[in-house]
Amino acid sequence: MPYWFEGNQYDSLRAGLGPFALTRLAHESGGAYFIKDKTGDGSPFSIETMQRFQPDYLSPDEYLRAAAHSPLRKAVLSVVDLTRQRKFKATPRLSFAPTAQSYFNDMREAQETAAYNSMVLQQCLALFGAKGFEQPYVKETSPRWRAWYDLTYGRLLAMMVRCNEYNWACATMKAKGADFVDKKSNRWQFKPDGTLHFGSQDERMAKEATRLLTRCVKDNQGTPWALLAQREL
């Protein structure tokens, strides 16, 4: 899921752990997997920290069966599958040079990106039910899965809020009218704003997103999950 606004987009991160299949092969055969990075390619994360966050080195079938017994794990994996099939579009347009003739279509076209992302987000969020999986989270013993839950669910909620607020801003500007554009305003720049306008549902989602992402940062310091959650916040 792409990040909005300027800053690192983190298309990939080196966690410091070996590829799953090769590391599992080393585990199963009583060996060890060594990573020899080129200069500058090393992981920024401590291996001592990351050891707590290793995956369970089971066979793929066993791994999926174990995940299927947990609604939390199942939801996270289902979101991964869904977002690979329905890729999000990039950040909607944030800068406009409208004219009386173009402003309405500019806003409508901008809303199409947010509308597509919102549709995918709704499908993803439906996998977490109405209130998420806080009870399974408490019972979850894997720090890795707990981190994935907070980051995944938190980011989905935050993105949904942004899409709703973006759509509200576009609708507001569409209602200004051609006379306003011609006489008062010919440059529009959308910027982050902590004030929410779309409604109480956005306020609830934003509050929950902040709680989950803050918990992810607090409980997983020095890991990729904390870095990504902090970027979202």
# chains A, B, ... in the order shown; residues from 1 in each chain; ligands from 1
>>> residues_around(residues="stretch 133-142 of chain A", least_positions_apart="4", cutoff="7 Å", atoms="only C-alpha atoms", output="list in words")
Leu72, Phe128 and Arg146 of chain A
>>> residues_around(residues="A:Glu203", least_positions_apart="2", cutoff="12 Å", atoms="only C-alpha atoms", output="ChimeraX atom specification")
/A:157-158,160-162,164-165,194-201,205-210
>>> write_last_selection(atoms="C-alpha atoms", output="compact mmCIF listing (two decimals), in the first residue's frame")
# COMPACT_ATOMS: atom_id res chain seq x y z
CA LEU A 157 -7.97 2.37 8.70
CA ALA A 158 -5.70 5.38 8.25
CA MET A 160 -9.62 4.84 4.55
CA VAL A 161 -9.84 8.04 6.58
CA ARG A 162 -7.53 9.86 4.16
CA ASN A 164 -12.79 9.92 2.79
CA GLU A 165 -11.28 13.27 3.72
CA GLY A 194 -5.64 16.97 11.60
CA THR A 195 -9.24 18.23 11.51
CA LEU A 196 -11.68 15.65 10.15
CA HIS A 197 -14.73 16.73 8.15
CA PHE A 198 -16.29 13.57 6.72
CA GLY A 199 -18.14 12.50 9.87
CA SER A 200 -18.06 10.62 13.18
CA GLN A 201 -17.16 7.34 11.46
CA MET A 205 -11.46 5.04 12.47
CA ALA A 206 -8.76 7.67 12.91
CA LYS A 207 -8.70 7.11 16.67
CA GLU A 208 -8.39 3.34 16.26
CA ALA A 209 -5.74 3.68 13.55
CA THR A 210 -3.68 5.93 15.81
>>> residues_around(residues="stretch 14-30 of chain A", least_positions_apart="4", cutoff="12 Å", atoms="only C-alpha atoms", output="PyMOL selection string")
chain A and resi 10+34-37+40-60+63+222-227
>>> closest_residue(among="A:Asp193, A:Val181, A:Gln221, A:Gln85", to="A:Pro98", atoms="only C-alpha atoms")
A:Val181
>>> residues_around(residues="A:Leu233", least_positions_apart="4", cutoff="8 Å", atoms="only C-alpha atoms", output="VMD selection string")
chain A and resid 210 213 to 214 229
>>> write_last_selection(atoms="N, CA, C and O atoms", output="PDB file, in the first residue's frame")
ATOM      1  N   THR A 210      -4.756   5.343  14.997  1.00  0.00           N
ATOM      2  CA  THR A 210      -3.685   5.928  15.813  1.00  0.00           C
ATOM      3  C   THR A 210      -3.305   5.013  16.958  1.00  0.00           C
ATOM      4  O   THR A 210      -2.121   4.833  17.263  1.00  0.00           O
ATOM      5  N   LEU A 213      -1.342   1.868  15.457  1.00  0.00           N
ATOM      6  CA  LEU A 213      -0.017   2.222  14.943  1.00  0.00           C
ATOM      7  C   LEU A 213       0.922   2.665  16.061  1.00  0.00           C
ATOM      8  O   LEU A 213       2.115   2.348  16.041  1.00  0.00           O
ATOM      9  N   THR A 214       0.383   3.371  17.053  1.00  0.00           N
ATOM     10  CA  THR A 214       1.197   3.783  18.199  1.00  0.00           C
ATOM     11  C   THR A 214       1.638   2.559  18.989  1.00  0.00           C
ATOM     12  O   THR A 214       2.785   2.472  19.442  1.00  0.00           O
ATOM     13  N   ALA A 229       5.053   1.840  10.735  1.00  0.00           N
ATOM     14  CA  ALA A 229       3.942   2.414  11.500  1.00  0.00           C
ATOM     15  C   ALA A 229       4.220   3.887  11.819  1.00  0.00           C
ATOM     16  O   ALA A 229       3.321   4.728  11.757  1.00  0.00           O
TER      17      ALA A 229
END
>>> atom_distance(atom1="atom CA of A:Phe5", atom2="atom CA of A:Leu121")
18.6 Å
>>> residues_around(residues="A:Asn117", least_positions_apart="4", cutoff="10 Å", atoms="only C-alpha atoms", output="compact mmCIF listing (two decimals) with N, CA and C atoms, in the first residue's frame")
# COMPACT_ATOMS: atom_id res chain seq x y z
N MET A 1 0.85 -1.17 0.00
CA MET A 1 0.00 0.00 0.00
C MET A 1 0.89 1.23 0.00
N ARG A 86 -5.62 -6.73 -6.20
CA ARG A 86 -6.23 -5.42 -6.46
C ARG A 86 -5.28 -4.34 -5.96
N LYS A 87 -4.27 -4.03 -6.71
CA LYS A 87 -3.24 -3.09 -6.27
C LYS A 87 -3.81 -1.69 -6.11
N PHE A 88 -3.36 -1.01 -5.05
CA PHE A 88 -3.80 0.35 -4.81
C PHE A 88 -3.19 1.29 -5.84
N LYS A 89 -3.93 2.34 -6.17
CA LYS A 89 -3.39 3.39 -7.02
C LYS A 89 -2.54 4.33 -6.19
N ALA A 90 -1.65 5.06 -6.84
CA ALA A 90 -0.73 5.94 -6.13
C ALA A 90 -1.48 7.10 -5.49
N THR A 91 -0.73 7.93 -4.76
CA THR A 91 -1.30 9.09 -4.09
C THR A 91 -2.15 9.91 -5.06
N PRO A 92 -3.37 10.23 -4.68
CA PRO A 92 -4.18 11.08 -5.56
C PRO A 92 -3.51 12.43 -5.79
N GLN A 111 -11.08 12.42 -7.75
CA GLN A 111 -11.88 11.57 -6.87
C GLN A 111 -11.89 10.12 -7.32
N GLU A 112 -11.67 9.88 -8.60
CA GLU A 112 -11.71 8.51 -9.11
C GLU A 112 -10.62 7.65 -8.48
N THR A 113 -9.44 8.24 -8.26
CA THR A 113 -8.36 7.50 -7.61
C THR A 113 -8.75 7.12 -6.19
N LEU A 121 -10.13 -0.81 -0.08
CA LEU A 121 -10.01 -0.71 1.37
C LEU A 121 -11.21 -1.30 2.08
N GLN A 122 -12.39 -1.05 1.56
CA GLN A 122 -13.61 -1.61 2.17
C GLN A 122 -13.58 -3.13 2.15
N MET A 159 -5.66 4.83 5.88
CA MET A 159 -5.83 5.11 4.46
C MET A 159 -7.30 5.37 4.13
N MET A 160 -8.20 4.63 4.78
CA MET A 160 -9.62 4.84 4.55
C MET A 160 -10.03 6.24 4.97
N CYS A 163 -8.76 8.75 2.37
CA CYS A 163 -9.57 8.73 1.14
C CYS A 163 -10.89 9.46 1.36
>>> atom_distance(atom1="atom CA of A:Leu125", atom2="atom CA of A:Cys216")
18.2 Å
>>> atom_distance(atom1="atom CA of A:Cys124", atom2="atom CA of A:Leu82")
7.2 Å
>>> closest_residue(among="A:Leu156, A:Leu94, A:Ala169, A:Val217", to="A:Val120", atoms="only C-alpha atoms")
A:Leu156
>>> select_by_dssp(residues="stretch 63-233 of chain A", states="strand (DSSP E)", output="list of chain:residue names")
A:Ser95, A:Phe96, A:Trp188, A:Gln189
>>> select_by_dssp(residues="stretch 44-146 of chain A", states="alpha helix (DSSP H)", output="PDB file with N, CA, C and O atoms, in the first residue's frame")
ATOM      1  N   ILE A  47      20.177  -7.809  14.457  1.00  0.00           N
ATOM      2  CA  ILE A  47      19.783  -9.218  14.378  1.00  0.00           C
ATOM      3  C   ILE A  47      19.321  -9.718  15.741  1.00  0.00           C
ATOM      4  O   ILE A  47      18.445 -10.583  15.849  1.00  0.00           O
ATOM      5  N   GLU A  48      19.892  -9.145  16.811  1.00  0.00           N
ATOM      6  CA  GLU A  48      19.464  -9.539  18.160  1.00  0.00           C
ATOM      7  C   GLU A  48      17.999  -9.169  18.386  1.00  0.00           C
ATOM      8  O   GLU A  48      17.241  -9.929  18.996  1.00  0.00           O
ATOM      9  N   THR A  49      17.611  -8.007  17.885  1.00  0.00           N
ATOM     10  CA  THR A  49      16.201  -7.597  18.000  1.00  0.00           C
ATOM     11  C   THR A  49      15.316  -8.448  17.103  1.00  0.00           C
ATOM     12  O   THR A  49      14.248  -8.922  17.518  1.00  0.00           O
ATOM     13  N   MET A  50      15.770  -8.687  15.882  1.00  0.00           N
ATOM     14  CA  MET A  50      14.944  -9.372  14.898  1.00  0.00           C
ATOM     15  C   MET A  50      14.752 -10.856  15.205  1.00  0.00           C
ATOM     16  O   MET A  50      13.812 -11.480  14.694  1.00  0.00           O
ATOM     17  N   PRO A  60       5.194 -25.004   4.226  1.00  0.00           N
ATOM     18  CA  PRO A  60       4.135 -24.079   3.798  1.00  0.00           C
ATOM     19  C   PRO A  60       2.732 -24.550   4.177  1.00  0.00           C
ATOM     20  O   PRO A  60       1.901 -23.753   4.615  1.00  0.00           O
ATOM     21  N   ASP A  61       2.467 -25.854   4.018  1.00  0.00           N
ATOM     22  CA  ASP A  61       1.136 -26.369   4.364  1.00  0.00           C
ATOM     23  C   ASP A  61       0.858 -26.217   5.860  1.00  0.00           C
ATOM     24  O   ASP A  61      -0.238 -25.810   6.264  1.00  0.00           O
ATOM     25  N   GLU A  62       1.857 -26.563   6.681  1.00  0.00           N
ATOM     26  CA  GLU A  62       1.686 -26.430   8.130  1.00  0.00           C
ATOM     27  C   GLU A  62       1.507 -24.963   8.533  1.00  0.00           C
ATOM     28  O   GLU A  62       0.699 -24.633   9.404  1.00  0.00           O
ATOM     29  N   TYR A  63       2.254 -24.099   7.880  1.00  0.00           N
ATOM     30  CA  TYR A  63       2.188 -22.669   8.172  1.00  0.00           C
ATOM     31  C   TYR A  63       0.783 -22.140   7.906  1.00  0.00           C
ATOM     32  O   TYR A  63       0.191 -21.419   8.722  1.00  0.00           O
ATOM     33  N   LEU A  64       0.229 -22.511   6.751  1.00  0.00           N
ATOM     34  CA  LEU A  64      -1.106 -22.026   6.387  1.00  0.00           C
ATOM     35  C   LEU A  64      -2.182 -22.642   7.264  1.00  0.00           C
ATOM     36  O   LEU A  64      -3.168 -21.968   7.615  1.00  0.00           O
ATOM     37  N   ARG A  65      -2.014 -23.906   7.633  1.00  0.00           N
ATOM     38  CA  ARG A  65      -2.997 -24.525   8.523  1.00  0.00           C
ATOM     39  C   ARG A  65      -3.012 -23.840   9.883  1.00  0.00           C
ATOM     40  O   ARG A  65      -4.068 -23.590  10.467  1.00  0.00           O
ATOM     41  N   ALA A  66      -1.826 -23.521  10.403  1.00  0.00           N
ATOM     42  CA  ALA A  66      -1.744 -22.826  11.687  1.00  0.00           C
ATOM     43  C   ALA A  66      -2.381 -21.446  11.605  1.00  0.00           C
ATOM     44  O   ALA A  66      -3.098 -21.012  12.513  1.00  0.00           O
ATOM     45  N   ALA A  67      -2.141 -20.767  10.487  1.00  0.00           N
ATOM     46  CA  ALA A  67      -2.715 -19.427  10.319  1.00  0.00           C
ATOM     47  C   ALA A  67      -4.227 -19.486  10.200  1.00  0.00           C
ATOM     48  O   ALA A  67      -4.936 -18.597  10.678  1.00  0.00           O
ATOM     49  N   ALA A  68      -4.739 -20.550   9.594  1.00  0.00           N
ATOM     50  CA  ALA A  68      -6.187 -20.663   9.383  1.00  0.00           C
ATOM     51  C   ALA A  68      -6.947 -20.813  10.689  1.00  0.00           C
ATOM     52  O   ALA A  68      -8.150 -20.526  10.749  1.00  0.00           O
ATOM     53  N   PRO A  71      -8.203 -16.150  13.661  1.00  0.00           N
ATOM     54  CA  PRO A  71      -8.863 -15.115  12.841  1.00  0.00           C
ATOM     55  C   PRO A  71      -7.947 -13.934  12.561  1.00  0.00           C
ATOM     56  O   PRO A  71      -8.037 -13.321  11.500  1.00  0.00           O
ATOM     57  N   LEU A  72      -7.048 -13.621  13.489  1.00  0.00           N
ATOM     58  CA  LEU A  72      -6.106 -12.516  13.305  1.00  0.00           C
ATOM     59  C   LEU A  72      -5.141 -12.826  12.167  1.00  0.00           C
ATOM     60  O   LEU A  72      -4.980 -12.032  11.233  1.00  0.00           O
ATOM     61  N   ARG A  73      -4.511 -13.988  12.206  1.00  0.00           N
ATOM     62  CA  ARG A  73      -3.550 -14.354  11.171  1.00  0.00           C
ATOM     63  C   ARG A  73      -4.235 -14.526   9.813  1.00  0.00           C
ATOM     64  O   ARG A  73      -3.711 -14.107   8.772  1.00  0.00           O
ATOM     65  N   LYS A  74      -5.414 -15.129   9.859  1.00  0.00           N
ATOM     66  CA  LYS A  74      -6.151 -15.360   8.619  1.00  0.00           C
ATOM     67  C   LYS A  74      -6.507 -14.042   7.948  1.00  0.00           C
ATOM     68  O   LYS A  74      -6.399 -13.904   6.725  1.00  0.00           O
ATOM     69  N   ALA A  75      -6.905 -13.047   8.737  1.00  0.00           N
ATOM     70  CA  ALA A  75      -7.266 -11.743   8.176  1.00  0.00           C
ATOM     71  C   ALA A  75      -6.062 -11.066   7.543  1.00  0.00           C
ATOM     72  O   ALA A  75      -6.157 -10.516   6.438  1.00  0.00           O
ATOM     73  N   VAL A  76      -4.917 -11.112   8.225  1.00  0.00           N
ATOM     74  CA  VAL A  76      -3.713 -10.480   7.691  1.00  0.00           C
ATOM     75  C   VAL A  76      -3.299 -11.131   6.372  1.00  0.00           C
ATOM     76  O   VAL A  76      -3.006 -10.437   5.388  1.00  0.00           O
ATOM     77  N   LEU A  77      -3.286 -12.453   6.324  1.00  0.00           N
ATOM     78  CA  LEU A  77      -2.900 -13.147   5.091  1.00  0.00           C
ATOM     79  C   LEU A  77      -3.911 -12.890   3.967  1.00  0.00           C
ATOM     80  O   LEU A  77      -3.534 -12.759   2.800  1.00  0.00           O
ATOM     81  N   SER A  78      -5.186 -12.813   4.321  1.00  0.00           N
ATOM     82  CA  SER A  78      -6.215 -12.553   3.309  1.00  0.00           C
ATOM     83  C   SER A  78      -6.046 -11.167   2.707  1.00  0.00           C
ATOM     84  O   SER A  78      -6.252 -10.967   1.502  1.00  0.00           O
ATOM     85  N   VAL A  79      -5.663 -10.196   3.535  1.00  0.00           N
ATOM     86  CA  VAL A  79      -5.417  -8.842   3.041  1.00  0.00           C
ATOM     87  C   VAL A  79      -4.223  -8.839   2.095  1.00  0.00           C
ATOM     88  O   VAL A  79      -4.225  -8.153   1.067  1.00  0.00           O
ATOM     89  N   VAL A  80      -3.189  -9.614   2.441  1.00  0.00           N
ATOM     90  CA  VAL A  80      -2.023  -9.717   1.555  1.00  0.00           C
ATOM     91  C   VAL A  80      -2.459 -10.227   0.180  1.00  0.00           C
ATOM     92  O   VAL A  80      -2.096  -9.667  -0.859  1.00  0.00           O
ATOM     93  N   ASP A  81      -3.251 -11.288   0.159  1.00  0.00           N
ATOM     94  CA  ASP A  81      -3.722 -11.851  -1.116  1.00  0.00           C
ATOM     95  C   ASP A  81      -4.569 -10.842  -1.886  1.00  0.00           C
ATOM     96  O   ASP A  81      -4.407 -10.671  -3.095  1.00  0.00           O
ATOM     97  N   LEU A  82      -5.475 -10.182  -1.166  1.00  0.00           N
ATOM     98  CA  LEU A  82      -6.387  -9.248  -1.827  1.00  0.00           C
ATOM     99  C   LEU A  82      -5.649  -8.061  -2.433  1.00  0.00           C
ATOM    100  O   LEU A  82      -5.934  -7.640  -3.561  1.00  0.00           O
ATOM    101  N   THR A  83      -4.669  -7.536  -1.706  1.00  0.00           N
ATOM    102  CA  THR A  83      -3.961  -6.355  -2.208  1.00  0.00           C
ATOM    103  C   THR A  83      -2.934  -6.706  -3.282  1.00  0.00           C
ATOM    104  O   THR A  83      -2.444  -5.814  -3.980  1.00  0.00           O
ATOM    105  N   ARG A  84      -2.574  -7.968  -3.393  1.00  0.00           N
ATOM    106  CA  ARG A  84      -1.756  -8.382  -4.542  1.00  0.00           C
ATOM    107  C   ARG A  84      -2.615  -8.464  -5.795  1.00  0.00           C
ATOM    108  O   ARG A  84      -2.140  -8.201  -6.899  1.00  0.00           O
ATOM    109  N   GLN A  85      -3.883  -8.833  -5.632  1.00  0.00           N
ATOM    110  CA  GLN A  85      -4.787  -8.937  -6.773  1.00  0.00           C
ATOM    111  C   GLN A  85      -5.324  -7.565  -7.191  1.00  0.00           C
ATOM    112  O   GLN A  85      -5.494  -7.287  -8.380  1.00  0.00           O
ATOM    113  N   TYR A 103     -12.063  22.993 -13.715  1.00  0.00           N
ATOM    114  CA  TYR A 103     -11.968  22.655 -12.282  1.00  0.00           C
ATOM    115  C   TYR A 103     -12.874  21.489 -11.894  1.00  0.00           C
ATOM    116  O   TYR A 103     -12.472  20.615 -11.108  1.00  0.00           O
ATOM    117  N   PHE A 104     -14.087  21.447 -12.446  1.00  0.00           N
ATOM    118  CA  PHE A 104     -15.032  20.393 -12.056  1.00  0.00           C
ATOM    119  C   PHE A 104     -14.519  19.027 -12.483  1.00  0.00           C
ATOM    120  O   PHE A 104     -14.517  18.067 -11.705  1.00  0.00           O
ATOM    121  N   ASN A 105     -14.053  18.922 -13.727  1.00  0.00           N
ATOM    122  CA  ASN A 105     -13.507  17.657 -14.217  1.00  0.00           C
ATOM    123  C   ASN A 105     -12.217  17.286 -13.501  1.00  0.00           C
ATOM    124  O   ASN A 105     -11.946  16.105 -13.254  1.00  0.00           O
ATOM    125  N   ASP A 106     -11.395  18.293 -13.163  1.00  0.00           N
ATOM    126  CA  ASP A 106     -10.164  18.023 -12.406  1.00  0.00           C
ATOM    127  C   ASP A 106     -10.490  17.332 -11.087  1.00  0.00           C
ATOM    128  O   ASP A 106      -9.851  16.345 -10.708  1.00  0.00           O
ATOM    129  N   MET A 107     -11.478  17.869 -10.382  1.00  0.00           N
ATOM    130  CA  MET A 107     -11.857  17.299  -9.088  1.00  0.00           C
ATOM    131  C   MET A 107     -12.495  15.921  -9.255  1.00  0.00           C
ATOM    132  O   MET A 107     -12.229  14.994  -8.484  1.00  0.00           O
ATOM    133  N   ARG A 108     -13.312  15.791 -10.276  1.00  0.00           N
ATOM    134  CA  ARG A 108     -13.964  14.494 -10.506  1.00  0.00           C
ATOM    135  C   ARG A 108     -12.932  13.415 -10.819  1.00  0.00           C
ATOM    136  O   ARG A 108     -13.006  12.304 -10.282  1.00  0.00           O
ATOM    137  N   GLU A 109     -11.985  13.740 -11.675  1.00  0.00           N
ATOM    138  CA  GLU A 109     -10.948  12.763 -12.024  1.00  0.00           C
ATOM    139  C   GLU A 109     -10.083  12.429 -10.812  1.00  0.00           C
ATOM    140  O   GLU A 109      -9.665  11.280 -10.632  1.00  0.00           O
ATOM    141  N   ALA A 110      -9.814  13.432  -9.972  1.00  0.00           N
ATOM    142  CA  ALA A 110      -9.027  13.179  -8.762  1.00  0.00           C
ATOM    143  C   ALA A 110      -9.778  12.249  -7.818  1.00  0.00           C
ATOM    144  O   ALA A 110      -9.183  11.368  -7.187  1.00  0.00           O
ATOM    145  N   GLN A 111     -11.076  12.419  -7.753  1.00  0.00           N
ATOM    146  CA  GLN A 111     -11.878  11.570  -6.867  1.00  0.00           C
ATOM    147  C   GLN A 111     -11.891  10.120  -7.318  1.00  0.00           C
ATOM    148  O   GLN A 111     -12.097   9.216  -6.504  1.00  0.00           O
ATOM    149  N   GLU A 112     -11.673   9.880  -8.604  1.00  0.00           N
ATOM    150  CA  GLU A 112     -11.710   8.508  -9.111  1.00  0.00           C
ATOM    151  C   GLU A 112     -10.618   7.648  -8.482  1.00  0.00           C
ATOM    152  O   GLU A 112     -10.824   6.466  -8.212  1.00  0.00           O
ATOM    153  N   THR A 113      -9.441   8.243  -8.256  1.00  0.00           N
ATOM    154  CA  THR A 113      -8.361   7.496  -7.608  1.00  0.00           C
ATOM    155  C   THR A 113      -8.750   7.124  -6.189  1.00  0.00           C
ATOM    156  O   THR A 113      -8.588   5.974  -5.764  1.00  0.00           O
ATOM    157  N   ALA A 114      -9.263   8.097  -5.439  1.00  0.00           N
ATOM    158  CA  ALA A 114      -9.671   7.834  -4.058  1.00  0.00           C
ATOM    159  C   ALA A 114     -10.828   6.838  -4.017  1.00  0.00           C
ATOM    160  O   ALA A 114     -10.902   5.991  -3.117  1.00  0.00           O
ATOM    161  N   ALA A 115     -11.727   6.914  -4.995  1.00  0.00           N
ATOM    162  CA  ALA A 115     -12.874   6.006  -5.026  1.00  0.00           C
ATOM    163  C   ALA A 115     -12.427   4.562  -5.256  1.00  0.00           C
ATOM    164  O   ALA A 115     -12.932   3.631  -4.611  1.00  0.00           O
ATOM    165  N   TYR A 116     -11.462   4.375  -6.181  1.00  0.00           N
ATOM    166  CA  TYR A 116     -10.958   3.018  -6.426  1.00  0.00           C
ATOM    167  C   TYR A 116     -10.283   2.469  -5.166  1.00  0.00           C
ATOM    168  O   TYR A 116     -10.550   1.339  -4.744  1.00  0.00           O
ATOM    169  N   ASN A 117      -9.406   3.278  -4.560  1.00  0.00           N
ATOM    170  CA  ASN A 117      -8.729   2.829  -3.348  1.00  0.00           C
ATOM    171  C   ASN A 117      -9.719   2.538  -2.233  1.00  0.00           C
ATOM    172  O   ASN A 117      -9.554   1.577  -1.466  1.00  0.00           O
ATOM    173  N   SER A 118     -10.754   3.368  -2.114  1.00  0.00           N
ATOM    174  CA  SER A 118     -11.761   3.162  -1.070  1.00  0.00           C
ATOM    175  C   SER A 118     -12.474   1.829  -1.248  1.00  0.00           C
ATOM    176  O   SER A 118     -12.761   1.128  -0.275  1.00  0.00           O
ATOM    177  N   MET A 119     -12.751   1.465  -2.503  1.00  0.00           N
ATOM    178  CA  MET A 119     -13.415   0.194  -2.770  1.00  0.00           C
ATOM    179  C   MET A 119     -12.554  -0.983  -2.313  1.00  0.00           C
ATOM    180  O   MET A 119     -13.042  -1.920  -1.665  1.00  0.00           O
ATOM    181  N   VAL A 120     -11.252  -0.919  -2.620  1.00  0.00           N
ATOM    182  CA  VAL A 120     -10.342  -1.989  -2.198  1.00  0.00           C
ATOM    183  C   VAL A 120     -10.214  -1.995  -0.673  1.00  0.00           C
ATOM    184  O   VAL A 120     -10.220  -3.052  -0.027  1.00  0.00           O
ATOM    185  N   LEU A 121     -10.126  -0.814  -0.085  1.00  0.00           N
ATOM    186  CA  LEU A 121     -10.006  -0.713   1.369  1.00  0.00           C
ATOM    187  C   LEU A 121     -11.214  -1.303   2.080  1.00  0.00           C
ATOM    188  O   LEU A 121     -11.079  -1.986   3.100  1.00  0.00           O
ATOM    189  N   GLN A 122     -12.395  -1.054   1.560  1.00  0.00           N
ATOM    190  CA  GLN A 122     -13.605  -1.611   2.167  1.00  0.00           C
ATOM    191  C   GLN A 122     -13.577  -3.127   2.150  1.00  0.00           C
ATOM    192  O   GLN A 122     -13.974  -3.783   3.123  1.00  0.00           O
ATOM    193  N   GLN A 123     -13.089  -3.702   1.051  1.00  0.00           N
ATOM    194  CA  GLN A 123     -12.986  -5.163   0.968  1.00  0.00           C
ATOM    195  C   GLN A 123     -11.974  -5.690   1.983  1.00  0.00           C
ATOM    196  O   GLN A 123     -12.197  -6.735   2.613  1.00  0.00           O
ATOM    197  N   CYS A 124     -10.867  -4.965   2.150  1.00  0.00           N
ATOM    198  CA  CYS A 124      -9.839  -5.376   3.108  1.00  0.00           C
ATOM    199  C   CYS A 124     -10.351  -5.261   4.542  1.00  0.00           C
ATOM    200  O   CYS A 124     -10.180  -6.175   5.356  1.00  0.00           O
ATOM    201  N   LEU A 125     -10.958  -4.127   4.852  1.00  0.00           N
ATOM    202  CA  LEU A 125     -11.423  -3.892   6.220  1.00  0.00           C
ATOM    203  C   LEU A 125     -12.536  -4.858   6.611  1.00  0.00           C
ATOM    204  O   LEU A 125     -12.665  -5.203   7.795  1.00  0.00           O
ATOM    205  N   ALA A 126     -13.330  -5.319   5.645  1.00  0.00           N
ATOM    206  CA  ALA A 126     -14.391  -6.280   5.942  1.00  0.00           C
ATOM    207  C   ALA A 126     -13.819  -7.572   6.511  1.00  0.00           C
ATOM    208  O   ALA A 126     -14.484  -8.272   7.292  1.00  0.00           O
ATOM    209  N   GLU A 134      -9.246  -7.874  18.707  1.00  0.00           N
ATOM    210  CA  GLU A 134      -8.473  -7.526  19.885  1.00  0.00           C
ATOM    211  C   GLU A 134      -8.302  -8.706  20.839  1.00  0.00           C
ATOM    212  O   GLU A 134      -7.237  -8.891  21.430  1.00  0.00           O
ATOM    213  N   GLN A 135      -9.334  -9.524  20.985  1.00  0.00           N
ATOM    214  CA  GLN A 135      -9.202 -10.692  21.863  1.00  0.00           C
ATOM    215  C   GLN A 135      -8.195 -11.705  21.320  1.00  0.00           C
ATOM    216  O   GLN A 135      -7.328 -12.174  22.062  1.00  0.00           O
ATOM    217  N   PRO A 136      -8.263 -12.070  20.032  1.00  0.00           N
ATOM    218  CA  PRO A 136      -7.213 -12.927  19.479  1.00  0.00           C
ATOM    219  C   PRO A 136      -5.826 -12.287  19.578  1.00  0.00           C
ATOM    220  O   PRO A 136      -4.826 -12.994  19.739  1.00  0.00           O
ATOM    221  N   TYR A 137      -5.768 -10.957  19.493  1.00  0.00           N
ATOM    222  CA  TYR A 137      -4.480 -10.266  19.630  1.00  0.00           C
ATOM    223  C   TYR A 137      -3.884 -10.521  21.010  1.00  0.00           C
ATOM    224  O   TYR A 137      -2.682 -10.795  21.148  1.00  0.00           O
ATOM    225  N   VAL A 138      -4.696 -10.439  22.030  1.00  0.00           N
ATOM    226  CA  VAL A 138      -4.220 -10.659  23.408  1.00  0.00           C
ATOM    227  C   VAL A 138      -3.702 -12.083  23.569  1.00  0.00           C
ATOM    228  O   VAL A 138      -2.708 -12.324  24.267  1.00  0.00           O
ATOM    229  N   LYS A 139      -4.349 -13.029  22.902  1.00  0.00           N
ATOM    230  CA  LYS A 139      -3.959 -14.434  23.020  1.00  0.00           C
ATOM    231  C   LYS A 139      -2.797 -14.799  22.078  1.00  0.00           C
ATOM    232  O   LYS A 139      -2.175 -15.853  22.268  1.00  0.00           O
ATOM    233  N   PRO A 143       5.264 -12.358  18.490  1.00  0.00           N
ATOM    234  CA  PRO A 143       5.472 -10.915  18.308  1.00  0.00           C
ATOM    235  C   PRO A 143       5.352 -10.502  16.848  1.00  0.00           C
ATOM    236  O   PRO A 143       4.892  -9.402  16.538  1.00  0.00           O
ATOM    237  N   ARG A 144       5.753 -11.374  15.948  1.00  0.00           N
ATOM    238  CA  ARG A 144       5.704 -11.076  14.512  1.00  0.00           C
ATOM    239  C   ARG A 144       4.265 -10.871  14.049  1.00  0.00           C
ATOM    240  O   ARG A 144       3.952  -9.888  13.368  1.00  0.00           O
ATOM    241  N   TRP A 145       3.387 -11.804  14.419  1.00  0.00           N
ATOM    242  CA  TRP A 145       1.997 -11.693  14.001  1.00  0.00           C
ATOM    243  C   TRP A 145       1.307 -10.517  14.675  1.00  0.00           C
ATOM    244  O   TRP A 145       0.457  -9.857  14.069  1.00  0.00           O
ATOM    245  N   ARG A 146       1.641 -10.225  15.922  1.00  0.00           N
ATOM    246  CA  ARG A 146       1.049  -9.069  16.612  1.00  0.00           C
ATOM    247  C   ARG A 146       1.457  -7.769  15.911  1.00  0.00           C
ATOM    248  O   ARG A 146       0.641  -6.859  15.726  1.00  0.00           O
TER     249      ARG A 146
END
